[in-house]
$ cat protein_18.csv   # CSV, C-alpha atoms and all ligand atoms
chain,number,residue,atom,x,y,z
M,3,MET,CA,-29.9,-126.5,132.6
M,4,ASP,CA,-32.9,-124.4,133.6
M,5,SER,CA,-34.6,-127.4,135.2
M,6,ASP,CA,-31.6,-127.7,137.6
M,7,THR,CA,-32.4,-124.1,138.7
M,8,VAL,CA,-36.0,-125.0,139.3
M,9,MET,CA,-35.1,-128.1,141.3
M,10,SER,CA,-32.5,-126.2,143.5
M,11,ARG,CA,-34.9,-123.3,144.0
M,12,ALA,CA,-37.6,-125.7,145.2
M,13,ASP,CA,-35.1,-126.9,147.8
M,14,GLU,CA,-34.1,-123.3,148.7
M,15,LEU,CA,-37.8,-122.2,149.0
M,16,ALA,CA,-38.5,-125.1,151.3
M,17,GLN,CA,-36.1,-123.6,153.9
M,18,PHE,CA,-38.7,-120.8,154.5
M,19,SER,CA,-40.6,-122.7,157.1
M,20,SER,CA,-42.0,-122.3,160.6
M,21,THR,CA,-41.1,-125.9,161.6
M,22,PRO,CA,-37.4,-126.7,161.6
M,23,GLY,CA,-36.6,-129.8,159.5
M,24,ALA,CA,-40.1,-129.8,157.9
M,25,LEU,CA,-42.0,-127.5,155.6
M,26,THR,CA,-44.9,-125.4,157.0
M,27,ARG,CA,-45.5,-122.0,155.5
M,28,THR,CA,-48.8,-120.4,156.2
M,29,TYR,CA,-50.4,-117.3,154.8
M,30,LEU,CA,-48.9,-113.9,155.9
M,31,SER,CA,-46.3,-115.5,158.2
M,32,ASN,CA,-42.8,-114.2,158.5
M,33,GLU,CA,-41.4,-117.1,156.5
M,34,HIS,CA,-44.0,-116.4,153.9
M,35,LYS,CA,-42.7,-112.9,153.6
M,36,LEU,CA,-39.1,-114.1,153.2
M,37,ALA,CA,-40.1,-116.7,150.6
M,38,HIS,CA,-41.9,-114.0,148.6
M,39,LYS,CA,-38.8,-111.7,148.8
M,40,THR,CA,-36.7,-114.6,147.4
M,41,LEU,CA,-39.3,-115.2,144.7
M,42,ALA,CA,-39.2,-111.5,143.8
M,43,ASN,CA,-35.4,-111.6,143.5
M,44,TRP,CA,-35.7,-114.5,141.1
M,45,MET,CA,-38.4,-112.7,139.2
M,46,LYS,CA,-36.1,-109.7,138.8
M,47,GLU,CA,-33.3,-111.9,137.6
M,48,ALA,CA,-35.6,-113.1,134.9
M,49,GLY,CA,-36.1,-109.5,133.8
M,50,LEU,CA,-39.6,-109.1,135.3
M,51,THR,CA,-41.1,-106.0,136.9
M,52,VAL,CA,-42.2,-107.0,140.4
M,53,TRP,CA,-44.9,-105.9,142.9
M,54,GLN,CA,-47.0,-107.3,145.8
M,55,ASP,CA,-50.8,-106.8,145.6
M,56,SER,CA,-53.3,-106.1,148.3
M,57,ALA,CA,-53.8,-109.7,149.4
M,58,GLY,CA,-50.0,-110.4,149.6
M,59,ASN,CA,-49.7,-112.2,146.2
M,60,GLN,CA,-46.3,-111.7,144.6
M,61,TRP,CA,-46.3,-110.7,141.0
M,62,GLY,CA,-43.6,-110.4,138.2
M,63,ARG,CA,-44.4,-109.0,134.8
M,64,LYS,CA,-42.6,-109.6,131.4
M,65,VAL,CA,-43.6,-106.3,129.9
M,66,SER,CA,-44.5,-106.3,126.2
M,67,ALA,CA,-43.3,-103.4,124.0
M,68,THR,CA,-46.5,-103.6,122.0
M,69,PRO,CA,-49.2,-105.0,124.2
M,70,SER,CA,-52.1,-105.4,121.7
M,71,LYS,CA,-53.7,-108.1,123.8
M,72,PRO,CA,-54.6,-108.5,127.5
M,73,THR,CA,-52.2,-110.1,129.9
M,74,LEU,CA,-51.5,-113.8,130.2
M,75,ILE,CA,-51.2,-114.9,133.8
M,76,ILE,CA,-49.2,-117.9,134.9
M,77,GLY,CA,-49.2,-119.0,138.5
M,78,SER,CA,-49.7,-121.2,141.5
M,79,HIS,CA,-49.5,-120.9,145.3
M,80,SER,CA,-46.6,-120.3,147.7
M,81,ASP,CA,-48.4,-121.3,150.9
M,82,THR,CA,-48.3,-124.9,152.2
M,83,VAL,CA,-50.1,-127.4,154.4
M,84,VAL,CA,-48.6,-128.4,157.7
M,85,ASN,CA,-45.5,-130.7,157.1
M,86,ALA,CA,-45.8,-130.3,153.4
M,87,GLY,CA,-43.9,-131.4,150.3
M,88,LYS,CA,-41.7,-129.0,148.3
M,89,TYR,CA,-43.5,-129.0,145.0
M,90,ASP,CA,-47.2,-128.5,145.7
M,91,GLY,CA,-47.8,-125.0,144.3
M,92,ASN,CA,-44.2,-123.9,144.5
M,93,LEU,CA,-43.2,-125.9,141.4
M,94,GLY,CA,-45.8,-124.0,139.2
M,95,ILE,CA,-44.4,-120.6,140.3
M,96,LEU,CA,-40.8,-121.6,139.7
M,97,LEU,CA,-41.6,-123.0,136.3
M,98,GLY,CA,-43.3,-119.8,135.4
M,99,ILE,CA,-40.3,-117.7,136.4
M,100,SER,CA,-37.9,-120.0,134.5
M,101,ALA,CA,-40.0,-120.1,131.4
M,102,LEU,CA,-40.0,-116.2,131.3
M,103,GLN,CA,-36.3,-116.2,132.0
M,104,ARG,CA,-35.8,-118.3,128.9
M,105,LEU,CA,-38.0,-116.0,126.9
M,106,GLN,CA,-36.3,-112.9,128.2
M,107,GLU,CA,-35.0,-111.9,124.8
M,108,VAL,CA,-38.1,-112.9,123.0
M,109,GLU,CA,-40.6,-110.1,122.1
M,110,LEU,CA,-44.2,-111.2,122.9
M,111,PRO,CA,-47.3,-109.3,121.7
M,112,PHE,CA,-48.8,-109.4,125.2
M,113,HIS,CA,-47.7,-109.0,128.8
M,114,VAL,CA,-47.1,-112.1,130.8
M,115,ASP,CA,-47.5,-112.1,134.6
M,116,VAL,CA,-46.2,-114.8,136.9
M,117,VAL,CA,-47.9,-114.9,140.3
M,118,ALA,CA,-47.2,-116.6,143.6
M,119,PHE,CA,-50.7,-116.8,145.1
M,120,ALA,CA,-50.3,-116.2,148.8
M,121,ASP,CA,-53.0,-118.6,150.0
M,122,GLU,CA,-54.5,-121.6,148.4
M,123,GLU,CA,-54.4,-124.2,151.1
M,124,GLY,CA,-56.3,-122.3,153.8
M,125,THR,CA,-54.0,-123.8,156.5
M,126,ARG,CA,-54.0,-120.7,158.7
M,127,PHE,CA,-57.5,-119.2,158.5
M,128,ASP,CA,-59.5,-122.3,157.3
M,129,THR,CA,-60.5,-120.4,154.2
M,130,THR,CA,-59.0,-121.6,151.0
M,131,LEU,CA,-58.0,-119.7,147.8
M,132,ILE,CA,-57.7,-116.3,149.5
M,133,GLY,CA,-54.9,-115.1,147.1
M,134,SER,CA,-56.5,-116.1,143.8
M,135,SER,CA,-60.0,-115.1,145.0
M,136,ALA,CA,-58.6,-111.6,145.6
M,137,THR,CA,-57.1,-111.5,142.1
M,138,ALA,CA,-60.4,-112.8,140.6
M,139,GLY,CA,-62.5,-110.1,142.3
M,140,ARG,CA,-64.0,-112.5,144.9
M,141,PHE,CA,-62.3,-111.4,148.1
M,142,ASN,CA,-64.8,-111.5,150.9
M,143,ALA,CA,-64.3,-108.7,153.4
M,144,ASP,CA,-65.8,-110.9,156.1
M,145,TRP,CA,-62.7,-113.0,155.9
M,146,LEU,CA,-60.7,-110.2,157.6
M,147,SER,CA,-62.2,-110.9,161.0
M,148,ILE,CA,-61.4,-114.7,160.9
M,149,THR,CA,-58.8,-115.5,163.5
M,150,ASP,CA,-56.0,-118.1,163.4
M,151,LYS,CA,-55.3,-120.5,166.3
M,152,GLN,CA,-53.3,-117.8,168.1
M,153,GLY,CA,-56.3,-115.5,168.0
M,154,ILE,CA,-54.7,-113.2,165.3
M,155,SER,CA,-57.3,-111.9,162.8
M,156,MET,CA,-56.6,-111.9,159.1
M,157,ALA,CA,-56.7,-108.1,159.2
M,158,GLU,CA,-54.0,-108.0,161.9
M,159,ALA,CA,-51.9,-110.5,160.1
M,160,MET,CA,-52.1,-108.4,156.9
M,161,GLN,CA,-51.0,-105.4,158.9
M,162,SER,CA,-47.9,-107.1,160.2
M,163,PHE,CA,-47.2,-108.4,156.6
M,164,GLY,CA,-47.1,-104.8,155.5
M,165,LEU,CA,-50.5,-104.8,153.8
M,166,ASP,CA,-53.5,-102.5,154.2
M,167,ALA,CA,-56.4,-104.8,155.2
M,168,GLU,CA,-58.9,-102.1,154.2
M,169,ARG,CA,-57.6,-102.3,150.6
M,170,ALA,CA,-57.6,-106.1,150.4
M,171,GLY,CA,-59.1,-107.3,147.1
M,172,LEU,CA,-59.6,-103.7,145.7
M,173,ASP,CA,-56.9,-104.3,143.1
M,174,ALA,CA,-58.6,-107.3,141.6
M,175,ARG,CA,-57.9,-107.8,137.9
M,176,GLN,CA,-60.5,-107.0,135.3
M,177,PRO,CA,-61.7,-109.7,132.9
M,178,GLN,CA,-61.1,-107.6,129.8
M,179,ASP,CA,-57.4,-107.1,130.8
M,180,VAL,CA,-56.7,-110.8,131.2
M,181,MET,CA,-56.1,-113.2,128.3
M,182,ALA,CA,-56.0,-116.5,130.2
M,183,TYR,CA,-54.7,-118.2,133.3
M,184,LEU,CA,-52.2,-121.1,133.0
M,185,GLU,CA,-51.1,-123.3,135.9
M,186,VAL,CA,-48.6,-126.1,136.1
M,187,HIS,CA,-49.1,-128.3,139.2
M,188,ILE,CA,-48.0,-131.7,140.4
M,189,GLU,CA,-50.7,-134.2,139.8
M,190,GLN,CA,-51.1,-135.2,143.5
M,191,GLY,CA,-52.5,-138.5,142.2
M,192,PRO,CA,-51.1,-141.7,140.6
M,193,VAL,CA,-52.6,-141.6,137.1
M,194,LEU,CA,-49.7,-140.1,135.1
M,195,GLU,CA,-47.2,-142.5,136.8
M,196,ALA,CA,-49.5,-145.5,136.0
M,197,ASN,CA,-49.6,-144.3,132.3
M,198,ASN,CA,-45.9,-143.7,132.1
M,199,LYS,CA,-46.3,-140.0,131.3
M,200,ALA,CA,-44.2,-137.1,132.5
M,201,VAL,CA,-47.0,-134.6,132.1
M,202,GLY,CA,-50.8,-134.5,131.3
M,203,VAL,CA,-53.3,-131.9,130.1
M,204,VAL,CA,-56.0,-131.2,132.7
M,205,THR,CA,-59.6,-131.3,131.3
M,206,GLY,CA,-61.2,-129.8,134.4
M,207,ILE,CA,-61.4,-129.5,138.1
M,208,ALA,CA,-63.9,-131.8,139.8
M,209,GLY,CA,-66.8,-130.3,141.7
M,210,ALA,CA,-67.2,-131.5,145.3
M,211,LYS,CA,-69.8,-131.7,148.0
M,212,ARG,CA,-69.2,-132.6,151.6
M,213,TYR,CA,-71.8,-133.8,154.0
M,214,GLN,CA,-72.1,-134.5,157.7
M,215,PHE,CA,-74.4,-137.5,158.3
M,216,ARG,CA,-76.1,-138.6,161.5
M,217,VAL,CA,-77.5,-142.1,162.0
M,218,LYS,CA,-79.7,-142.5,165.0
M,219,GLY,CA,-80.6,-146.0,166.3
M,220,ILE,CA,-81.4,-147.3,169.8
M,221,ALA,CA,-78.6,-147.9,172.3
M,222,GLY,CA,-79.0,-151.1,174.2
M,223,HIS,CA,-77.3,-153.8,176.2
M,224,ALA,CA,-74.8,-155.8,174.1
M,225,GLY,CA,-75.7,-159.0,175.9
M,226,THR,CA,-79.5,-158.9,176.2
M,227,VAL,CA,-81.0,-157.5,173.0
M,228,PRO,CA,-81.2,-160.2,170.2
M,229,LEU,CA,-79.6,-159.2,166.9
M,230,ASP,CA,-82.9,-159.1,165.0
M,231,MET,CA,-84.4,-156.7,167.6
M,232,ARG,CA,-81.7,-154.1,167.4
M,233,ALA,CA,-81.5,-150.7,165.7
M,234,ASP,CA,-77.7,-150.6,165.5
M,235,ALA,CA,-76.5,-147.2,164.2
M,236,MET,CA,-72.9,-148.5,163.5
M,237,CYS,CA,-74.0,-151.5,161.4
M,238,GLY,CA,-76.3,-149.1,159.5
M,239,MET,CA,-73.4,-146.7,158.9
M,240,ALA,CA,-71.1,-149.6,157.8
M,241,HIS,CA,-73.8,-150.7,155.3
M,242,MET,CA,-74.1,-147.1,154.0
M,243,ALA,CA,-70.4,-146.7,153.6
M,244,VAL,CA,-70.2,-149.8,151.5
M,245,ALA,CA,-73.2,-148.8,149.5
M,246,ILE,CA,-71.6,-145.4,148.8
M,247,GLU,CA,-68.4,-147.1,147.6
M,248,ASP,CA,-70.4,-149.5,145.3
M,249,TYR,CA,-72.5,-146.6,144.0
M,250,ALA,CA,-69.4,-144.5,143.2
M,251,LYS,CA,-67.7,-147.4,141.4
M,252,GLN,CA,-70.8,-148.0,139.3
M,253,ASN,CA,-71.2,-144.4,138.4
M,254,GLN,CA,-67.6,-143.3,137.8
M,255,LEU,CA,-67.5,-140.8,140.7
M,256,VAL,CA,-65.1,-140.6,143.7
M,257,ALA,CA,-66.7,-140.8,147.1
M,258,THR,CA,-65.0,-141.0,150.5
M,259,VAL,CA,-66.2,-141.6,154.0
M,260,GLY,CA,-63.3,-140.0,155.8
M,261,LYS,CA,-64.6,-139.5,159.3
M,262,CYS,CA,-66.7,-141.6,161.6
M,263,GLU,CA,-67.5,-141.0,165.2
M,264,LEU,CA,-69.5,-142.9,167.9
M,265,PRO,CA,-70.1,-140.1,170.4
M,266,SER,CA,-71.0,-142.4,173.2
M,267,GLY,CA,-69.5,-145.6,172.0
M,268,SER,CA,-68.7,-148.3,174.5
M,269,VAL,CA,-67.6,-152.0,174.2
M,270,ASN,CA,-70.7,-153.4,175.7
M,271,VAL,CA,-73.3,-151.0,174.3
M,272,ILE,CA,-75.2,-151.3,171.0
M,273,PRO,CA,-74.3,-148.1,169.1
M,274,GLY,CA,-77.3,-145.6,169.4
M,275,GLU,CA,-75.8,-142.8,167.3
M,276,VAL,CA,-73.0,-142.5,164.7
M,277,LEU,CA,-71.8,-139.4,162.9
M,278,PHE,CA,-69.9,-139.7,159.6
M,279,THR,CA,-68.9,-137.6,156.6
M,280,LEU,CA,-69.0,-138.0,152.9
M,281,ASP,CA,-66.8,-136.2,150.3
M,282,ILE,CA,-68.1,-136.8,146.8
M,283,ARG,CA,-66.6,-135.4,143.6
M,284,SER,CA,-67.2,-135.4,139.8
M,285,GLN,CA,-66.0,-133.4,136.9
M,286,ASP,CA,-69.5,-133.2,135.7
M,287,GLN,CA,-71.6,-130.9,137.9
M,288,GLU,CA,-75.0,-132.2,136.7
M,289,LYS,CA,-73.9,-135.7,137.3
M,290,LEU,CA,-72.7,-134.8,140.8
M,291,GLU,CA,-76.1,-133.2,141.6
M,292,ALA,CA,-78.1,-136.2,140.3
M,293,SER,CA,-75.8,-138.7,141.9
M,294,CYS,CA,-76.2,-137.1,145.4
M,295,GLU,CA,-80.0,-137.3,145.0
M,296,GLU,CA,-79.9,-140.9,144.0
M,297,LEU,CA,-77.4,-141.7,146.7
M,298,PHE,CA,-79.7,-140.1,149.4
M,299,VAL,CA,-82.6,-142.3,148.3
M,300,LEU,CA,-80.3,-145.3,148.7
M,301,LEU,CA,-79.1,-144.3,152.1
M,302,ASN,CA,-82.6,-143.5,153.4
M,303,LYS,CA,-83.7,-146.9,152.2
M,304,ILE,CA,-80.9,-148.6,154.2
M,305,ALA,CA,-81.9,-146.5,157.3
M,306,LYS,CA,-85.5,-147.4,156.9
M,307,LYS,CA,-84.8,-151.1,156.5
M,308,ARG,CA,-82.8,-151.1,159.7
M,309,GLY,CA,-85.2,-148.9,161.7
M,310,LEU,CA,-82.7,-146.0,161.9
M,311,ARG,CA,-83.1,-142.3,161.5
M,312,PHE,CA,-80.9,-140.6,158.9
M,313,GLU,CA,-80.0,-136.9,158.8
M,314,SER,CA,-77.7,-135.1,156.5
M,315,HIS,CA,-76.1,-131.6,156.4
M,316,LEU,CA,-74.3,-130.2,153.4
M,317,PHE,CA,-71.4,-128.2,154.8
M,318,TYR,CA,-69.2,-127.5,151.8
M,319,GLU,CA,-69.6,-127.4,148.0
M,320,ALA,CA,-67.5,-126.3,145.1
M,321,GLU,CA,-68.7,-126.3,141.5
M,322,ALA,CA,-66.9,-128.3,138.8
M,323,VAL,CA,-64.8,-126.0,136.6
M,324,PRO,CA,-64.0,-127.2,133.0
M,325,CYS,CA,-60.6,-126.1,131.6
M,326,SER,CA,-61.0,-124.1,128.4
M,327,GLU,CA,-61.1,-126.4,125.3
M,328,SER,CA,-58.9,-124.2,123.2
M,329,LEU,CA,-56.3,-124.1,126.0
M,330,GLN,CA,-56.5,-127.8,126.4
M,331,GLU,CA,-55.9,-128.2,122.7
M,332,LEU,CA,-53.0,-125.8,122.8
M,333,TRP,CA,-51.4,-127.6,125.8
M,334,GLY,CA,-51.9,-130.8,123.8
M,335,THR,CA,-50.0,-129.4,120.9
M,336,SER,CA,-47.2,-128.1,123.2
M,337,VAL,CA,-46.9,-131.6,124.9
M,338,GLU,CA,-46.8,-133.3,121.5
M,339,LEU,CA,-44.2,-131.0,120.1
M,340,THR,CA,-42.1,-131.4,123.3
M,341,THR,CA,-42.4,-135.1,124.0
M,342,LYS,CA,-43.1,-136.4,120.5
M,343,GLN,CA,-45.9,-138.4,122.1
M,344,ALA,CA,-49.6,-138.1,122.0
M,345,PRO,CA,-50.7,-136.0,125.0
M,346,MET,CA,-52.6,-137.6,127.8
M,347,PHE,CA,-55.8,-135.8,129.1
M,348,LEU,CA,-57.0,-136.2,132.7
M,349,PRO,CA,-59.3,-134.6,135.2
M,350,SER,CA,-58.2,-133.0,138.5
M,351,GLY,CA,-59.8,-134.4,141.6
M,352,ALA,CA,-58.1,-131.7,143.7
M,353,GLY,CA,-59.0,-128.0,143.8
M,354,HIS,CA,-56.4,-125.5,142.6
M,355,ASP,CA,-56.0,-121.7,142.2
M,356,ALA,CA,-57.5,-122.2,138.7
M,357,LEU,CA,-60.9,-122.7,140.5
M,358,ALA,CA,-60.9,-119.1,141.6
M,359,MET,CA,-59.3,-117.8,138.4
M,360,ALA,CA,-62.0,-119.4,136.3
M,361,HIS,CA,-64.3,-116.6,137.6
M,362,LEU,CA,-62.0,-114.1,135.9
M,363,THR,CA,-60.8,-115.8,132.7
M,364,ASP,CA,-60.3,-119.0,130.7
M,365,VAL,CA,-58.1,-121.5,132.6
M,366,GLY,CA,-55.7,-124.2,131.3
M,367,MET,CA,-53.6,-126.6,133.5
M,368,LEU,CA,-50.8,-129.0,133.0
M,369,PHE,CA,-50.0,-131.7,135.5
M,370,VAL,CA,-46.6,-133.1,136.3
M,371,ARG,CA,-46.1,-136.7,137.4
M,372,CYS,CA,-45.2,-137.0,141.1
M,373,GLU,CA,-43.9,-140.2,142.7
M,374,LYS,CA,-46.7,-142.6,143.7
M,375,GLY,CA,-49.1,-139.7,143.6
M,376,ILE,CA,-48.0,-138.7,147.1
M,377,SER,CA,-48.7,-135.1,148.1
M,378,HIS,CA,-49.4,-133.0,151.2
M,379,ASN,CA,-46.5,-135.0,152.6
M,380,PRO,CA,-42.8,-134.5,153.0
M,381,ARG,CA,-42.3,-137.5,150.7
M,382,GLU,CA,-43.7,-135.6,147.8
M,383,ALA,CA,-41.3,-136.0,144.9
M,384,VAL,CA,-40.9,-135.2,141.2
M,385,ILE,CA,-38.1,-136.3,138.9
M,386,HIS,CA,-35.7,-133.9,137.3
M,387,GLU,CA,-36.5,-135.1,133.7
M,388,ASP,CA,-40.2,-134.5,134.2
M,389,VAL,CA,-39.5,-131.0,135.4
M,390,ALA,CA,-37.4,-130.4,132.3
M,391,VAL,CA,-40.4,-131.6,130.2
M,392,ALA,CA,-42.8,-129.4,132.0
M,393,LEU,CA,-40.6,-126.4,131.6
M,394,ASP,CA,-40.3,-127.0,127.8
M,395,CYS,CA,-44.0,-127.5,127.6
M,396,LEU,CA,-44.8,-124.2,129.4
M,397,THR,CA,-42.2,-122.2,127.4
M,398,LYS,CA,-43.7,-123.7,124.2
M,399,MET,CA,-47.2,-122.9,125.4
M,400,ILE,CA,-46.4,-119.3,125.8
M,401,THR,CA,-44.8,-119.0,122.4
M,402,LEU,CA,-47.7,-120.9,120.8
M,403,MET,CA,-50.1,-118.4,122.3
M,404,ALA,CA,-48.1,-115.6,120.6
M,405,GLU,CA,-48.6,-117.2,117.1
M,406,PRO,CA,-51.4,-115.5,115.2
M,407,ASN,CA,-52.9,-118.9,114.1
M,408,HIS,CA,-53.2,-120.0,117.7
M,409,ALA,CA,-54.5,-116.8,119.1
M,410,ILE,CA,-56.8,-117.4,122.0
M,411,ILE,CA,-58.3,-113.9,121.8
A,1,ZN,ZN,-51.5,-127.1,145.3
$ encode --input "protein_18.csv" --output "structure tokens" --more "lines below"
Ligand SMILES: [Zn+2]
Amino acid sequence: MDSDTVMSRADELAQFSSTPGALTRTYLSNEHKLAHKTLANWMKEAGLTVWQDSAGNQWGRKVSATPSKPTLIIGSHSDTVVNAGKYDGNLGILLGISALQRLQEVELPFHVDVVAFADEEGTRFDTTLIGSSATAGRFNADWLSITDKQGISMAEAMQSFGLDAERAGLDARQPQDVMAYLEVHIEQGPVLEANNKAVGVVTGIAGAKRYQFRVKGIAGHAGTVPLDMRADAMCGMAHMAVAIEDYAKQNQLVATVGKCELPSGSVNVIPGEVLFTLDIRSQDQEKLEASCEELFVLLNKIAKKRGLRFESHLFYEAEAVPCSESLQELWGTSVELTTKQAPMFLPSGAGHDALAMAHLTDVGMLFVRCEKGISHNPREAVIHEDVAVALDCLTKMITLMAEPNHAII
């Protein structure tokens, strides 16, 4: 069974780690190089022509005898977070290789590339999507001077990986040469499991904004200042966090207060200052913008009512990316033909390489159910049967794209 191969390769790939007994594989590390070497061997076994690009992405190509169309790219990432699971990113690459192995004897009217993007997580240099950004023509040369925790710059790390930092991103793909980008990824959430589905078609990747908030009140003696004469920054922050949750529920968004700090907190002092963060996401960019504005009015009202000062600073944002409608439809057909069930469509709350690739071409994603939605965790798990379904769906998707009546371009 080809899905057996995918499962055992996921185990084998997880051995390339900087932490014994756990999986941590960061961009341009030695274990990363070894993992790519292994991936390249598997690509060659599938009959693919292999190469490494300027950013360290590992590619394999099923060459078409009569390429009348641009290239279809299938991929995901080979880097991991610290103490990661085995399937985040890696599963998508392995499925791509196995699907092309199955199609080894099938003539397709276009080239198909499978790619292991070298950085998606941003674990080493705190900058995400380096690999796919380089492919999509959005490599930023300023990144080369970013240093890791050991003080090694990205340029130096590239050198020791065998790359020429000066050429990083210069071999970006051109939009006219690319047909579409497909990515299969574990869901990293609990929705497919709750709906009893092995796979689901992704409708789009949510846009996100991240804010740092500061609430300023008046510090005071915990024993002497009556409650109605206080400007307690912590109570204000708590009120705001609950208001954010209520607002998100009412407006079908996800919003999370994930960090909260009392810089000079003490057991007998009324909190004078609190810092906290907000991560807010929606698949609908306009709705995200409008909601943030509405939410700020609400938070300022709470601050005013409590005699507090409220400051905000936006420190990260990513625009929502819809998946191509024709690719969603085709994934739907492929899922229906494979599972004999109506396909489920769902949004992605997490970012993926498809975010960067959307700047280059149309993107289409398929999610695979993972146990309890757990990810970025060694307990990350998928079941064999679901991997078999995902492999069938991806193989079917590629052949559907080759049919003239389903032609994407
Ligand atoms: Zn991932």
$ residues_near_ligand --input "protein_18.csv" --ligand "ligand ZN 1 (chain A)" --cutoff "6 Å" --atoms "all atoms listed in the file" --output "mmCIF file with C-alpha atoms, in the coordinates of the input"
data_model
loop_
_atom_site.group_PDB
_atom_site.id
_atom_site.type_symbol
_atom_site.label_atom_id
_atom_site.label_comp_id
_atom_site.auth_asym_id
_atom_site.auth_seq_id
_atom_site.Cartn_x
_atom_site.Cartn_y
_atom_site.Cartn_z
ATOM 1 C CA ASP M 90 -47.200 -128.500 145.700
ATOM 2 C CA GLY M 91 -47.800 -125.000 144.300
ATOM 3 C CA HIS M 354 -56.400 -125.500 142.600
#
$ residues_around --input "protein_18.csv" --residues "Met399 of chain M" --least-positions-apart "3" --cutoff "12 Å" --atoms "only C-alpha atoms" --output "count of residues only"
40
$ closest_atom_pairs --input "protein_18.csv" --of "segment 281-329 of chain M" --to "segment 229-253 of chain M" --cutoff "9 Å" --atoms "all atoms listed in the file" --output "CSV"
residue,atom,partner,partner_atom,distance
M:Ile282,CA,M:Ala250,CA,8.6
M:Ser293,CA,M:Asn253,CA,8.1
M:Leu297,CA,M:Ile246,CA,7.2
M:Leu300,CA,M:Ala245,CA,8.0
M:Leu301,CA,M:Met242,CA,6.0
M:Ile304,CA,M:Met242,CA,7.0
M:Ala305,CA,M:Gly238,CA,6.6
M:Arg308,CA,M:Ala233,CA,6.2
M:Gly309,CA,M:Ala233,CA,5.7
M:Leu310,CA,M:Ala233,CA,6.2
M:Arg311,CA,M:Ala235,CA,8.7
$ residues_around --input "protein_18.csv" --residues "Phe141 of chain M" --least-positions-apart "3" --cutoff "10 Å" --atoms "all atoms listed in the file" --output "MDAnalysis selection string"
chainID M and resid 57 131:138 144:146 170:172 174
$ atom_distance --input "protein_18.csv" --atom1 "atom CA of Asn85 of chain M" --atom2 "atom CA of Thr26 of chain M"
5.3 Å
$ closest_residue --input "protein_18.csv" --among "M:Asp121, M:Glu47, M:Asp4, M:Glu327" --to "Ala358 of chain M" --atoms "all atoms listed in the file"
M:Asp121
$ closest_residue --input "protein_18.csv" --among "M:Asn43, M:Thr68, M:Ser20, M:Thr341" --to "Ala200 of chain M" --atoms "all atoms listed in the file"
M:Thr341
$ residues_around --input "protein_18.csv" --residues "Gly351 of chain M" --least-positions-apart "2" --cutoff "9 Å" --atoms "only C-alpha atoms" --output "list of chain:residue names"
M:Gln190, M:Gly191, M:Gly206, M:Ile207, M:Ala208, M:Gly209, M:Ala210, M:Val256, M:Arg283, M:Ser284, M:Gln285, M:Pro349, M:Gly353
$ write_last_selection --input "protein_18.csv" --atoms "C-alpha atoms" --output "PDB file, in the frame of the given file"
ATOM      1  CA  GLN M 190     -51.100-135.200 143.500  1.00  0.00           C
ATOM      2  CA  GLY M 191     -52.500-138.500 142.200  1.00  0.00           C
ATOM      3  CA  GLY M 206     -61.200-129.800 134.400  1.00  0.00           C
ATOM      4  CA  ILE M 207     -61.400-129.500 138.100  1.00  0.00           C
ATOM      5  CA  ALA M 208     -63.900-131.800 139.800  1.00  0.00           C
ATOM      6  CA  GLY M 209     -66.800-130.300 141.700  1.00  0.00           C
ATOM      7  CA  ALA M 210     -67.200-131.500 145.300  1.00  0.00           C
ATOM      8  CA  VAL M 256     -65.100-140.600 143.700  1.00  0.00           C
ATOM      9  CA  ARG M 283     -66.600-135.400 143.600  1.00  0.00           C
ATOM     10  CA  SER M 284     -67.200-135.400 139.800  1.00  0.00           C
ATOM     11  CA  GLN M 285     -66.000-133.400 136.900  1.00  0.00           C
ATOM     12  CA  PRO M 349     -59.300-134.600 135.200  1.00  0.00           C
ATOM     13  CA  GLY M 353     -59.000-128.000 143.800  1.00  0.00           C
TER      14      GLY M 353
END
$ atom_distance --input "protein_18.csv" --atom1 "atom CA of Ala16 of chain M" --atom2 "atom CA of Lys46 of chain M"
20.0 Å
$ closest_residue --input "protein_18.csv" --among "M:Gly153, M:Gly77, M:Gly94, M:Gly124" --to "Val370 of chain M" --atoms "only C-alpha atoms"
M:Gly94
$ closest_residue --input "protein_18.csv" --among "M:Val201, M:Leu194, M:Ala352, M:Ile272" --to "Lys218 of chain M" --atoms "all atoms listed in the file"
M:Ile272
$ atom_distance --input "protein_18.csv" --atom1 "atom CA of Glu107 of chain M" --atom2 "atom CA of Ala48 of chain M"
10.2 Å
$ residues_around --input "protein_18.csv" --residues "Glu275 of chain M" --least-positions-apart "6" --cutoff "8 Å" --atoms "all atoms listed in the file" --output "mmCIF file with C-alpha atoms, in the frame of the given file"
data_model
loop_
_atom_site.group_PDB
_atom_site.id
_atom_site.type_symbol
_atom_site.label_atom_id
_atom_site.label_comp_id
_atom_site.auth_asym_id
_atom_site.auth_seq_id
_atom_site.Cartn_x
_atom_site.Cartn_y
_atom_site.Cartn_z
ATOM 1 C CA ARG M 216 -76.100 -138.600 161.500
ATOM 2 C CA VAL M 217 -77.500 -142.100 162.000
ATOM 3 C CA LYS M 218 -79.700 -142.500 165.000
ATOM 4 C CA GLY M 219 -80.600 -146.000 166.300
ATOM 5 C CA ILE M 220 -81.400 -147.300 169.800
ATOM 6 C CA ALA M 221 -78.600 -147.900 172.300
ATOM 7 C CA ALA M 235 -76.500 -147.200 164.200
ATOM 8 C CA MET M 236 -72.900 -148.500 163.500
ATOM 9 C CA LEU M 264 -69.500 -142.900 167.900
ATOM 10 C CA PRO M 265 -70.100 -140.100 170.400
ATOM 11 C CA SER M 266 -71.000 -142.400 173.200
#
